[in-house]
>>> print(open('structure19.txt').read())   # compact mmCIF, C-alpha atoms
# COMPACT_ATOMS: atom_id res chain seq x y z
CA MET A 646 -5.57 -58.98 -109.53
CA THR A 647 -1.83 -58.32 -109.40
CA ARG A 648 0.15 -61.07 -107.75
CA THR A 649 3.59 -59.51 -108.04
CA ALA A 650 5.73 -60.14 -104.95
CA LEU A 651 5.96 -56.98 -102.89
CA PRO A 652 9.03 -55.72 -101.05
CA THR A 653 8.75 -55.87 -97.26
CA THR A 654 10.33 -53.40 -94.86
CA ASP A 655 10.89 -54.03 -91.17
CA GLY A 656 9.56 -50.77 -89.81
CA LEU A 657 9.21 -47.36 -91.41
CA PRO A 658 12.47 -46.14 -92.98
CA MET A 659 13.36 -42.99 -91.02
CA THR A 660 17.15 -42.75 -91.18
CA ARG A 661 18.20 -39.94 -93.50
CA GLY A 662 21.11 -39.99 -95.89
CA ARG A 663 23.82 -37.37 -96.42
CA CYS A 664 21.35 -34.65 -97.31
CA PRO A 665 19.30 -33.69 -94.22
CA PHE A 666 16.44 -32.43 -96.41
CA ASP A 667 15.84 -35.60 -98.43
CA PRO A 668 13.51 -38.38 -97.24
CA ALA A 669 15.05 -41.57 -95.94
CA PRO A 670 16.74 -43.38 -98.85
CA GLY A 671 14.78 -46.48 -97.90
CA LEU A 672 11.52 -44.69 -98.73
CA THR A 673 12.81 -43.63 -102.12
CA ALA A 674 13.99 -47.13 -102.92
CA LEU A 675 10.61 -48.61 -102.03
CA ARG A 676 8.71 -46.03 -104.09
CA GLU A 677 10.89 -46.78 -107.11
CA GLN A 678 9.79 -50.43 -106.88
CA GLY A 679 6.12 -49.50 -106.80
CA PRO A 680 3.61 -47.41 -104.86
CA VAL A 681 2.88 -50.09 -102.25
CA ALA A 682 5.02 -52.30 -99.99
CA ARG A 683 4.44 -54.54 -96.99
CA MET A 684 5.66 -53.23 -93.66
CA VAL A 685 6.17 -54.82 -90.25
CA PHE A 686 4.85 -52.39 -87.64
CA PRO A 687 6.55 -52.04 -84.22
CA ASP A 688 3.92 -54.30 -82.61
CA GLY A 689 4.67 -57.07 -85.12
CA HIS A 690 1.62 -56.48 -87.32
CA LEU A 691 2.25 -57.00 -91.05
CA GLY A 692 0.58 -54.02 -92.70
CA TRP A 693 1.17 -51.72 -95.62
CA LEU A 694 3.39 -48.79 -96.56
CA VAL A 695 2.27 -46.53 -99.41
CA THR A 696 4.82 -44.23 -101.06
CA GLY A 697 3.46 -43.27 -104.50
CA TYR A 698 1.88 -39.83 -104.81
CA GLU A 699 -1.30 -40.76 -106.64
CA THR A 700 -1.97 -43.74 -104.39
CA VAL A 701 -1.29 -41.81 -101.17
CA ARG A 702 -3.50 -38.92 -102.29
CA GLY A 703 -6.31 -41.25 -103.27
CA LEU A 704 -6.21 -43.14 -99.99
CA LEU A 705 -6.21 -39.95 -97.90
CA ALA A 706 -9.61 -39.18 -99.46
CA ASP A 707 -10.93 -42.76 -99.37
CA GLY A 708 -13.86 -43.11 -96.99
CA ARG A 709 -13.21 -46.83 -96.60
CA LEU A 710 -10.14 -46.09 -94.50
CA SER A 711 -10.52 -45.32 -90.81
CA SER A 712 -8.68 -42.76 -88.68
CA ARG A 713 -10.13 -44.00 -85.39
CA GLY A 714 -7.45 -44.00 -82.74
CA ASP A 715 -8.48 -47.40 -81.37
CA ALA A 716 -8.03 -48.95 -84.84
CA LEU A 717 -4.62 -47.49 -85.67
CA ARG A 718 -1.08 -48.77 -85.21
CA SER A 719 1.85 -46.39 -85.05
CA PRO A 720 4.56 -46.94 -87.70
CA ILE A 721 7.22 -45.86 -85.20
CA PRO A 722 7.75 -46.73 -81.52
CA LEU A 723 6.02 -44.24 -79.22
CA PRO A 724 7.02 -43.17 -75.69
CA MET A 725 3.65 -44.33 -74.39
CA ALA A 726 3.40 -48.10 -74.32
CA ASP A 727 0.12 -48.70 -76.17
CA ASP A 728 -0.69 -46.48 -79.15
CA ARG A 729 -4.04 -48.21 -79.80
CA THR A 730 -6.08 -46.58 -77.06
CA GLU A 731 -9.58 -45.31 -76.47
CA VAL A 732 -10.01 -41.93 -78.12
CA ALA A 733 -10.40 -39.03 -75.70
CA PRO A 734 -13.56 -36.91 -76.08
CA GLY A 735 -12.75 -34.16 -78.57
CA MET A 736 -9.77 -35.91 -80.19
CA PHE A 737 -11.21 -35.24 -83.64
CA THR A 738 -7.97 -36.05 -85.46
CA ALA A 739 -8.46 -39.67 -84.41
CA MET A 740 -12.13 -39.97 -85.34
CA ASP A 741 -14.22 -40.84 -88.37
CA PRO A 742 -17.41 -39.06 -89.47
CA PRO A 743 -19.85 -38.15 -88.08
CA GLU A 744 -17.94 -37.55 -84.82
CA HIS A 745 -14.99 -36.04 -86.67
CA THR A 746 -17.27 -33.74 -88.65
CA ARG A 747 -18.98 -32.40 -85.53
CA TYR A 748 -15.76 -31.31 -83.85
CA ARG A 749 -13.97 -30.10 -86.96
CA ARG A 750 -16.85 -27.79 -87.87
CA LYS A 751 -16.48 -26.17 -84.45
CA VAL A 752 -12.98 -24.94 -85.21
CA ALA A 753 -12.73 -24.82 -89.01
CA ALA A 754 -14.17 -21.30 -89.37
CA TRP A 755 -11.39 -19.95 -87.17
CA PHE A 756 -8.82 -21.13 -89.71
CA SER A 757 -10.56 -20.05 -92.92
CA ALA A 758 -8.55 -18.10 -95.49
CA ARG A 759 -10.72 -15.01 -94.88
CA ARG A 760 -10.29 -15.00 -91.11
CA THR A 761 -6.61 -15.87 -91.39
CA ARG A 762 -5.93 -12.81 -93.55
CA THR A 763 -7.14 -10.58 -90.72
CA LEU A 764 -4.30 -11.94 -88.56
CA GLU A 765 -1.52 -10.64 -90.83
CA PRO A 766 -0.87 -7.40 -88.85
CA LEU A 767 -0.76 -9.36 -85.59
CA LEU A 768 1.61 -12.03 -86.95
CA THR A 769 3.85 -9.37 -88.48
CA ALA A 770 4.06 -7.59 -85.13
CA LEU A 771 4.91 -10.88 -83.41
CA ALA A 772 7.69 -11.61 -85.91
CA GLU A 773 9.17 -8.13 -85.46
CA ARG A 774 8.98 -8.41 -81.67
CA HIS A 775 10.70 -11.78 -81.51
CA LEU A 776 13.40 -10.67 -83.97
CA ASP A 777 13.98 -7.58 -81.82
CA ALA A 778 14.61 -9.87 -78.86
CA MET A 779 16.83 -12.21 -80.87
CA THR A 780 19.00 -9.46 -82.34
CA ALA A 781 19.32 -7.77 -78.94
CA LYS A 782 20.60 -11.03 -77.46
CA ALA A 783 23.25 -11.19 -80.21
CA ALA A 784 24.29 -7.55 -79.81
CA GLY A 785 27.80 -8.64 -78.90
CA GLY A 786 28.16 -10.64 -82.11
CA GLU A 787 27.74 -14.10 -80.58
CA PRO A 788 25.66 -16.75 -82.41
CA VAL A 789 22.06 -17.38 -81.41
CA ASP A 790 19.81 -20.39 -81.83
CA LEU A 791 17.11 -19.51 -84.37
CA LEU A 792 14.87 -22.29 -83.05
CA THR A 793 14.65 -21.16 -79.44
CA GLU A 794 15.06 -17.42 -80.02
CA PHE A 795 12.71 -16.91 -82.97
CA ALA A 796 10.89 -19.94 -84.39
CA GLU A 797 9.53 -21.38 -81.13
CA PRO A 798 8.44 -18.02 -79.64
CA MET A 799 6.84 -17.05 -82.96
CA ALA A 800 4.91 -20.33 -83.23
CA ALA A 801 3.87 -20.30 -79.57
CA SER A 802 2.68 -16.68 -79.72
CA ALA A 803 0.65 -17.27 -82.88
CA ILE A 804 -1.33 -20.30 -81.70
CA CYS A 805 -1.69 -19.00 -78.14
CA GLU A 806 -3.02 -15.70 -79.45
CA LEU A 807 -5.65 -17.52 -81.49
CA LEU A 808 -6.66 -19.82 -78.63
CA GLY A 809 -6.67 -17.01 -76.07
CA VAL A 810 -3.81 -18.12 -73.82
CA PRO A 811 -2.70 -15.17 -71.66
CA VAL A 812 0.80 -13.85 -72.38
CA ALA A 813 1.99 -14.67 -68.87
CA GLU A 814 1.16 -18.37 -69.34
CA ARG A 815 2.52 -18.91 -72.86
CA GLU A 816 6.04 -19.90 -71.91
CA HIS A 817 4.71 -22.56 -69.53
CA PHE A 818 2.42 -23.94 -72.24
CA ALA A 819 5.31 -24.02 -74.73
CA ASP A 820 7.60 -25.83 -72.29
CA CYS A 821 4.97 -28.53 -71.75
CA VAL A 822 4.49 -29.00 -75.49
CA LYS A 823 8.25 -29.37 -75.99
CA SER A 824 8.33 -32.14 -73.39
CA LEU A 825 5.95 -34.15 -75.56
CA PHE A 826 8.28 -34.05 -78.55
CA SER A 827 11.74 -33.99 -77.01
CA VAL A 828 13.92 -36.94 -77.96
CA HIS A 829 15.16 -36.92 -74.37
CA SER A 830 11.69 -37.24 -72.85
CA SER A 831 10.72 -40.47 -71.14
CA ALA A 832 7.20 -41.89 -71.27
CA GLU A 833 6.66 -40.29 -67.86
CA ASP A 834 7.84 -36.90 -69.20
CA ALA A 835 5.50 -37.13 -72.18
CA ILE A 836 2.51 -38.18 -70.08
CA GLY A 837 3.35 -35.49 -67.54
CA GLY A 838 3.53 -32.85 -70.26
CA TRP A 839 0.15 -33.92 -71.65
CA GLN A 840 -1.43 -33.86 -68.19
CA THR A 841 0.07 -30.47 -67.37
CA ILE A 842 -1.26 -28.96 -70.59
CA GLY A 843 -4.66 -30.39 -69.71
CA GLY A 844 -4.50 -28.82 -66.26
CA LEU A 845 -3.52 -25.45 -67.69
CA LEU A 846 -6.36 -25.59 -70.19
CA HIS A 847 -8.86 -26.55 -67.48
CA GLY A 848 -7.81 -23.43 -65.59
CA LEU A 849 -8.08 -21.33 -68.74
CA ILE A 850 -11.58 -22.67 -69.43
CA ARG A 851 -12.70 -21.79 -65.89
CA ALA A 852 -11.34 -18.28 -66.35
CA LYS A 853 -13.20 -17.84 -69.65
CA LYS A 854 -16.44 -19.01 -68.07
CA ALA A 855 -16.02 -16.35 -65.39
CA GLU A 856 -14.91 -13.63 -67.83
CA PRO A 857 -15.93 -14.39 -71.45
CA THR A 858 -13.47 -13.71 -74.27
CA ASP A 859 -13.86 -13.57 -78.05
CA ASP A 860 -10.92 -15.82 -78.93
CA LEU A 861 -11.28 -19.40 -80.24
CA LEU A 862 -11.37 -21.15 -76.87
CA GLY A 863 -13.52 -18.44 -75.31
CA THR A 864 -16.03 -18.71 -78.13
CA LEU A 865 -16.25 -22.50 -77.78
CA VAL A 866 -16.78 -22.08 -74.04
CA ALA A 867 -19.56 -19.53 -74.61
CA GLU A 868 -21.34 -21.71 -77.19
CA GLY A 869 -21.76 -24.39 -74.53
CA ASP A 870 -21.91 -27.33 -76.94
CA LEU A 871 -18.73 -29.00 -75.63
CA ASP A 872 -18.04 -30.08 -72.07
CA ASP A 873 -14.79 -29.28 -70.29
CA ALA A 874 -13.12 -32.59 -71.22
CA GLU A 875 -13.89 -32.02 -74.89
CA LEU A 876 -12.70 -28.41 -74.73
CA VAL A 877 -9.42 -29.47 -73.13
CA THR A 878 -8.75 -32.08 -75.80
CA VAL A 879 -9.63 -29.77 -78.71
CA GLY A 880 -7.42 -27.06 -77.21
CA THR A 881 -4.55 -29.48 -76.69
CA VAL A 882 -4.74 -30.80 -80.27
CA LEU A 883 -4.67 -27.29 -81.73
CA LEU A 884 -1.94 -26.09 -79.39
CA ILE A 885 0.37 -29.01 -80.14
CA ALA A 886 -0.27 -28.99 -83.90
CA GLY A 887 0.12 -25.24 -84.20
CA TYR A 888 3.29 -25.07 -82.15
CA ASP A 889 5.58 -27.95 -83.04
CA THR A 890 4.99 -28.05 -86.78
CA SER A 891 5.33 -24.29 -87.30
CA ALA A 892 8.45 -23.96 -85.16
CA ASN A 893 10.21 -26.79 -86.98
CA MET A 894 9.09 -25.64 -90.41
CA ILE A 895 10.44 -22.12 -89.82
CA THR A 896 13.76 -23.48 -88.61
CA LEU A 897 14.23 -26.28 -91.12
CA GLY A 898 13.03 -24.03 -93.95
CA THR A 899 15.64 -21.43 -93.02
CA PHE A 900 18.30 -24.14 -92.87
CA ALA A 901 17.31 -25.34 -96.34
CA LEU A 902 17.48 -21.82 -97.78
CA LEU A 903 20.89 -21.24 -96.22
CA GLN A 904 22.12 -24.46 -97.82
CA HIS A 905 20.74 -23.38 -101.21
CA PRO A 906 22.30 -19.91 -101.58
CA GLU A 907 20.92 -19.33 -105.07
CA GLN A 908 17.39 -19.86 -103.74
CA LEU A 909 18.07 -17.65 -100.74
CA ALA A 910 19.46 -14.89 -102.96
CA ALA A 911 16.41 -15.07 -105.22
CA LEU A 912 14.07 -14.69 -102.26
CA VAL A 913 16.04 -11.80 -100.75
CA ALA A 914 16.06 -10.06 -104.13
CA ASP A 915 12.34 -10.62 -104.75
CA PRO A 916 10.23 -10.92 -101.56
CA ALA A 917 7.16 -11.44 -103.76
CA LEU A 918 8.42 -15.00 -104.22
CA ALA A 919 7.66 -15.74 -100.56
CA PRO A 920 4.28 -17.47 -101.10
CA ASN A 921 5.87 -19.72 -103.76
CA ALA A 922 8.82 -20.36 -101.47
CA VAL A 923 6.52 -21.46 -98.66
CA GLU A 924 4.71 -23.98 -100.89
CA GLU A 925 7.96 -25.35 -102.28
CA LEU A 926 9.56 -25.68 -98.85
CA LEU A 927 6.46 -27.44 -97.53
CA ARG A 928 6.68 -29.95 -100.40
CA TYR A 929 10.44 -30.33 -100.38
CA LEU A 930 10.81 -30.79 -96.60
CA THR A 931 7.52 -32.50 -95.60
CA ILE A 932 8.26 -32.31 -91.88
CA VAL A 933 5.45 -34.75 -90.96
CA HIS A 934 7.88 -37.38 -92.17
CA ALA A 935 6.37 -40.23 -90.14
CA GLY A 936 3.39 -39.84 -92.47
CA SER A 937 -0.31 -40.40 -91.91
CA ILE A 938 -1.78 -43.64 -90.59
CA ARG A 939 -5.06 -45.35 -91.38
CA ALA A 940 -6.74 -48.73 -90.97
CA ALA A 941 -8.69 -50.53 -93.68
CA GLY A 942 -12.36 -50.39 -92.72
CA GLU A 943 -13.23 -53.25 -95.06
CA ASP A 944 -11.62 -55.65 -97.49
CA MET A 945 -10.35 -53.63 -100.44
CA GLU A 946 -7.65 -53.31 -103.08
CA ILE A 947 -4.78 -50.85 -103.12
CA ALA A 948 -2.87 -50.55 -106.40
CA GLY A 949 -4.09 -54.03 -107.33
CA HIS A 950 -3.19 -55.67 -104.01
CA ARG A 951 -5.76 -57.21 -101.65
CA VAL A 952 -5.91 -55.48 -98.28
CA ALA A 953 -7.91 -57.08 -95.45
CA ALA A 954 -10.25 -55.19 -93.13
CA GLY A 955 -8.29 -54.04 -90.08
CA ASP A 956 -4.93 -53.94 -91.84
CA ALA A 957 -2.73 -51.01 -90.80
CA ILE A 958 -1.73 -48.62 -93.59
CA SER A 959 1.09 -46.09 -93.31
CA LEU A 960 0.95 -43.31 -95.91
CA SER A 961 4.34 -41.67 -96.52
CA LEU A 962 3.76 -37.99 -97.26
CA ALA A 963 7.51 -37.43 -97.58
CA ALA A 964 7.95 -40.08 -100.28
CA ALA A 965 4.81 -38.95 -102.10
CA ASN A 966 5.93 -35.32 -102.21
CA ARG A 967 9.19 -36.38 -103.88
CA ASP A 968 7.47 -38.58 -106.47
CA PRO A 969 8.26 -37.61 -110.10
CA ALA A 970 4.54 -38.13 -110.72
CA LEU A 971 3.91 -34.93 -108.74
CA CYS A 972 6.40 -32.60 -110.41
CA ALA A 973 9.51 -32.55 -112.58
CA ASP A 974 12.85 -32.88 -110.81
CA PRO A 975 11.19 -33.33 -107.40
CA ASP A 976 14.49 -33.63 -105.49
CA ARG A 977 15.47 -30.07 -106.43
CA LEU A 978 14.44 -27.11 -104.27
CA ASP A 979 13.08 -24.45 -106.62
CA ILE A 980 11.19 -21.55 -105.05
CA THR A 981 10.18 -20.30 -108.51
CA ARG A 982 8.34 -23.57 -109.21
CA GLU A 983 4.63 -23.16 -109.86
CA PRO A 984 2.97 -24.53 -106.71
CA VAL A 985 1.82 -28.13 -107.00
CA ALA A 986 -0.83 -30.10 -105.09
CA HIS A 987 1.59 -31.37 -102.45
CA LEU A 988 0.51 -33.43 -99.45
CA ALA A 989 2.42 -31.64 -96.68
CA PHE A 990 -0.90 -30.85 -95.00
CA GLY A 991 -2.46 -34.17 -95.95
CA HIS A 992 -5.59 -34.42 -98.08
CA GLY A 993 -9.25 -35.25 -97.67
CA ILE A 994 -11.39 -34.69 -94.59
CA HIS A 995 -8.39 -34.86 -92.24
CA GLN A 996 -6.36 -32.28 -94.15
CA CYS A 997 -4.74 -29.93 -91.63
CA VAL A 998 -7.43 -27.55 -90.39
CA GLY A 999 -4.83 -24.84 -89.68
CA GLN A 1000 -3.05 -24.91 -93.02
CA GLN A 1001 -3.98 -21.34 -94.01
CA LEU A 1002 -2.67 -20.00 -90.71
CA ALA A 1003 0.50 -22.03 -91.16
CA ARG A 1004 1.07 -20.64 -94.64
CA LEU A 1005 0.64 -17.06 -93.44
CA GLU A 1006 2.84 -17.61 -90.41
CA LEU A 1007 5.62 -19.12 -92.52
CA ARG A 1008 5.45 -16.39 -95.15
CA ILE A 1009 5.67 -13.62 -92.56
CA ALA A 1010 8.46 -15.39 -90.66
CA PHE A 1011 10.64 -15.81 -93.77
CA GLU A 1012 9.86 -12.33 -95.13
CA THR A 1013 10.65 -10.61 -91.84
CA LEU A 1014 13.74 -12.67 -91.13
CA LEU A 1015 15.35 -12.09 -94.53
CA ARG A 1016 14.35 -8.43 -94.77
CA ARG A 1017 15.94 -7.60 -91.45
CA LEU A 1018 18.85 -10.04 -91.63
CA PRO A 1019 19.81 -10.41 -95.33
CA GLY A 1020 23.29 -11.56 -94.27
CA LEU A 1021 21.93 -14.45 -92.18
CA ARG A 1022 24.25 -17.47 -92.17
CA LEU A 1023 25.01 -20.62 -90.19
CA ALA A 1024 27.34 -20.15 -87.24
CA VAL A 1025 28.56 -23.78 -87.39
CA PRO A 1026 29.30 -26.19 -90.24
CA ALA A 1027 26.11 -27.65 -91.70
CA ASP A 1028 27.12 -31.21 -90.82
CA GLU A 1029 27.11 -30.27 -87.12
CA ILE A 1030 23.38 -29.47 -87.15
CA ARG A 1031 21.53 -32.21 -85.27
CA THR A 1032 18.30 -33.33 -86.94
CA ARG A 1033 15.17 -34.88 -85.43
CA ALA A 1034 15.31 -37.91 -87.71
CA GLU A 1035 13.54 -40.34 -85.38
CA MET A 1036 10.70 -38.04 -84.30
CA ILE A 1037 7.19 -37.71 -85.68
CA ILE A 1038 7.83 -34.10 -86.72
CA TYR A 1039 11.14 -33.65 -88.54
CA GLY A 1040 13.35 -30.65 -87.93
CA VAL A 1041 16.53 -29.70 -86.11
CA HIS A 1042 17.35 -29.56 -82.41
CA GLU A 1043 19.02 -26.19 -82.81
CA LEU A 1044 20.12 -23.86 -85.60
CA PRO A 1045 23.00 -21.59 -84.52
CA VAL A 1046 23.08 -18.53 -86.79
CA THR A 1047 24.82 -15.20 -87.11
CA TRP A 1048 24.64 -12.32 -89.59
>>> encode(input="structure19.txt", output="structure tokens")
Amino acid sequence: MTRTALPTTDGLPMTRGRCPFDPAPGLTALREQGPVARMVFPDGHLGWLVTGYETVRGLLADGRLSSRGDALRSPIPLPMADDRTEVAPGMFTAMDPPEHTRYRRKVAAWFSARRTRTLEPLLTALAERHLDAMTAKAAGGEPVDLLTEFAEPMAASAICELLGVPVAEREHFADCVKSLFSVHSSAEDAIGGWQTIGGLLHGLIRAKKAEPTDDLLGTLVAEGDLDDAELVTVGTVLLIAGYDTSANMITLGTFALLQHPEQLAALVADPALAPNAVEELLRYLTIVHAGSIRAAGEDMEIAGHRVAAGDAISLSLAAANRDPALCADPDRLDITREPVAHLAFGHGIHQCVGQQLARLELRIAFETLLRRLPGLRLAVPADEIRTRAEMIIYGVHELPVTW
């Protein structure tokens, strides 16, 4: 067994360097010393931080690690005081098999590649509609915020359409989701946002019981296998995951393209590169930059180091996706790169269930945006763009653009 002294970091490195698209320099430095380090979690627990691609990928698929919410420790401080709480019924992202399997199977078919392809006309229409609204608002030539005027409405419309949220209620749902992720939100704001979403979903479930619908939530209601509490939690998980990640990926991806004009020009000149561009941006940006968290379910070894049952393990997807073991010149954005097996959506049984929808949504968003606004550019200097460096989902707070 290896007995080499390991580096120890006090908390997860989150502070970015000069380039807003690169992972925290502290993550890179730790990965260069080896795939594993010790890390002091916010609650004082001495656990593990994994940064090497092969090791992260292997652990994401390792059945000895647990994703149970009551066993996990957050690598970053959370608004809510205790992150190790009892798992709500239906919170399948914080469960192990067989409970996880039961819930995931309920929703997985709705996000299959085949079903997702049928949504392309709808998503294209949504992108066109939201760009119509954005360009109309800028008719006088003034800058607009791409996040609030295009990316957030596009993301909210897509996931709400799939779930079956009525158009009249979508803005309210989106506002509640934003309160959960806003850097300005207090613990009370976050809890209030979560409770409000739950209340809205309870009302939606009652309506679908009275008048059945053929959308995702309506179908789950009609099947009758899940009670209302489970339905609310499943709906909340999908709503939050589908909204915040997509909105930030559209915005940050556009920012990255604007800061790499040769890549932007290549995509404008050849829209067929869009699927490649999406995969490369997912790898390069890795917006789930707080990573994935697990707990060791038993005594085990990781990269030759003894890990005790119950130890907290933080898996850095951002560091892993920039590992030279994954691809050549990983710190360079190259939309012509042959897609690699990146970990932006995770890996293993907890790999993002909505990844095919996300890919389609991103492709359509970038294609439509650049086709209609080939002269798109930042309306402020790049160093004035405020990033979400300390949040679970990385991105920007706003992206003022003009064209």
>>> residues_around(input="structure19.txt", residues="region 662-675 of chain A", least_positions_apart="3", cutoff="8 Å", atoms="only C-alpha atoms", output="list in words")
Pro652, Pro658, Met659, Gln678, Gly679, Pro680, Val681, Ala682, Thr696, Ala901, Tyr929, Leu930, His934, Ala963, Ala964, Asp976 and Thr1032 of chain A
>>> atom_distance(input="structure19.txt", atom1="CA of Asp777 (chain A)", atom2="CA of Met799 (chain A)")
11.9 Å
>>> atom_distance(input="structure19.txt", atom1="CA of Val695 (chain A)", atom2="CA of Ile721 (chain A)")
15.1 Å
>>> closest_residue(input="structure19.txt", among="A:Gly942, A:Leu871, A:Ile947, A:Arg709", to="Gly697 (chain A)", atoms="only C-alpha atoms")
A:Ile947
>>> closest_residue(input="structure19.txt", among="A:His847, A:Arg749, A:His905, A:Arg967", to="Thr881 (chain A)", atoms="all atoms listed in the file")
A:His847
>>> atom_distance(input="structure19.txt", atom1="CA of Gly735 (chain A)", atom2="CA of Ser719 (chain A)")
20.1 Å
>>> closest_residue(input="structure19.txt", among="A:Ala954, A:Glu925, A:Ala784, A:Ile1037", to="Arg977 (chain A)", atoms="all atoms listed in the file")
A:Glu925
>>> closest_residue(input="structure19.txt", among="A:Gly838, A:Gly1040, A:Gly880, A:Gly999", to="Thr931 (chain A)", atoms="all atoms listed in the file")
A:Gly1040
>>> residues_around(input="structure19.txt", residues="Ala886 (chain A)", least_positions_apart="5", cutoff="12 Å", atoms="only C-alpha atoms", output="ChimeraX atom specification")
/A:738,800-801,803-805,819,822-823,825-826,879-881,891-894,933,990,997-1000,1002-1003,1037-1038
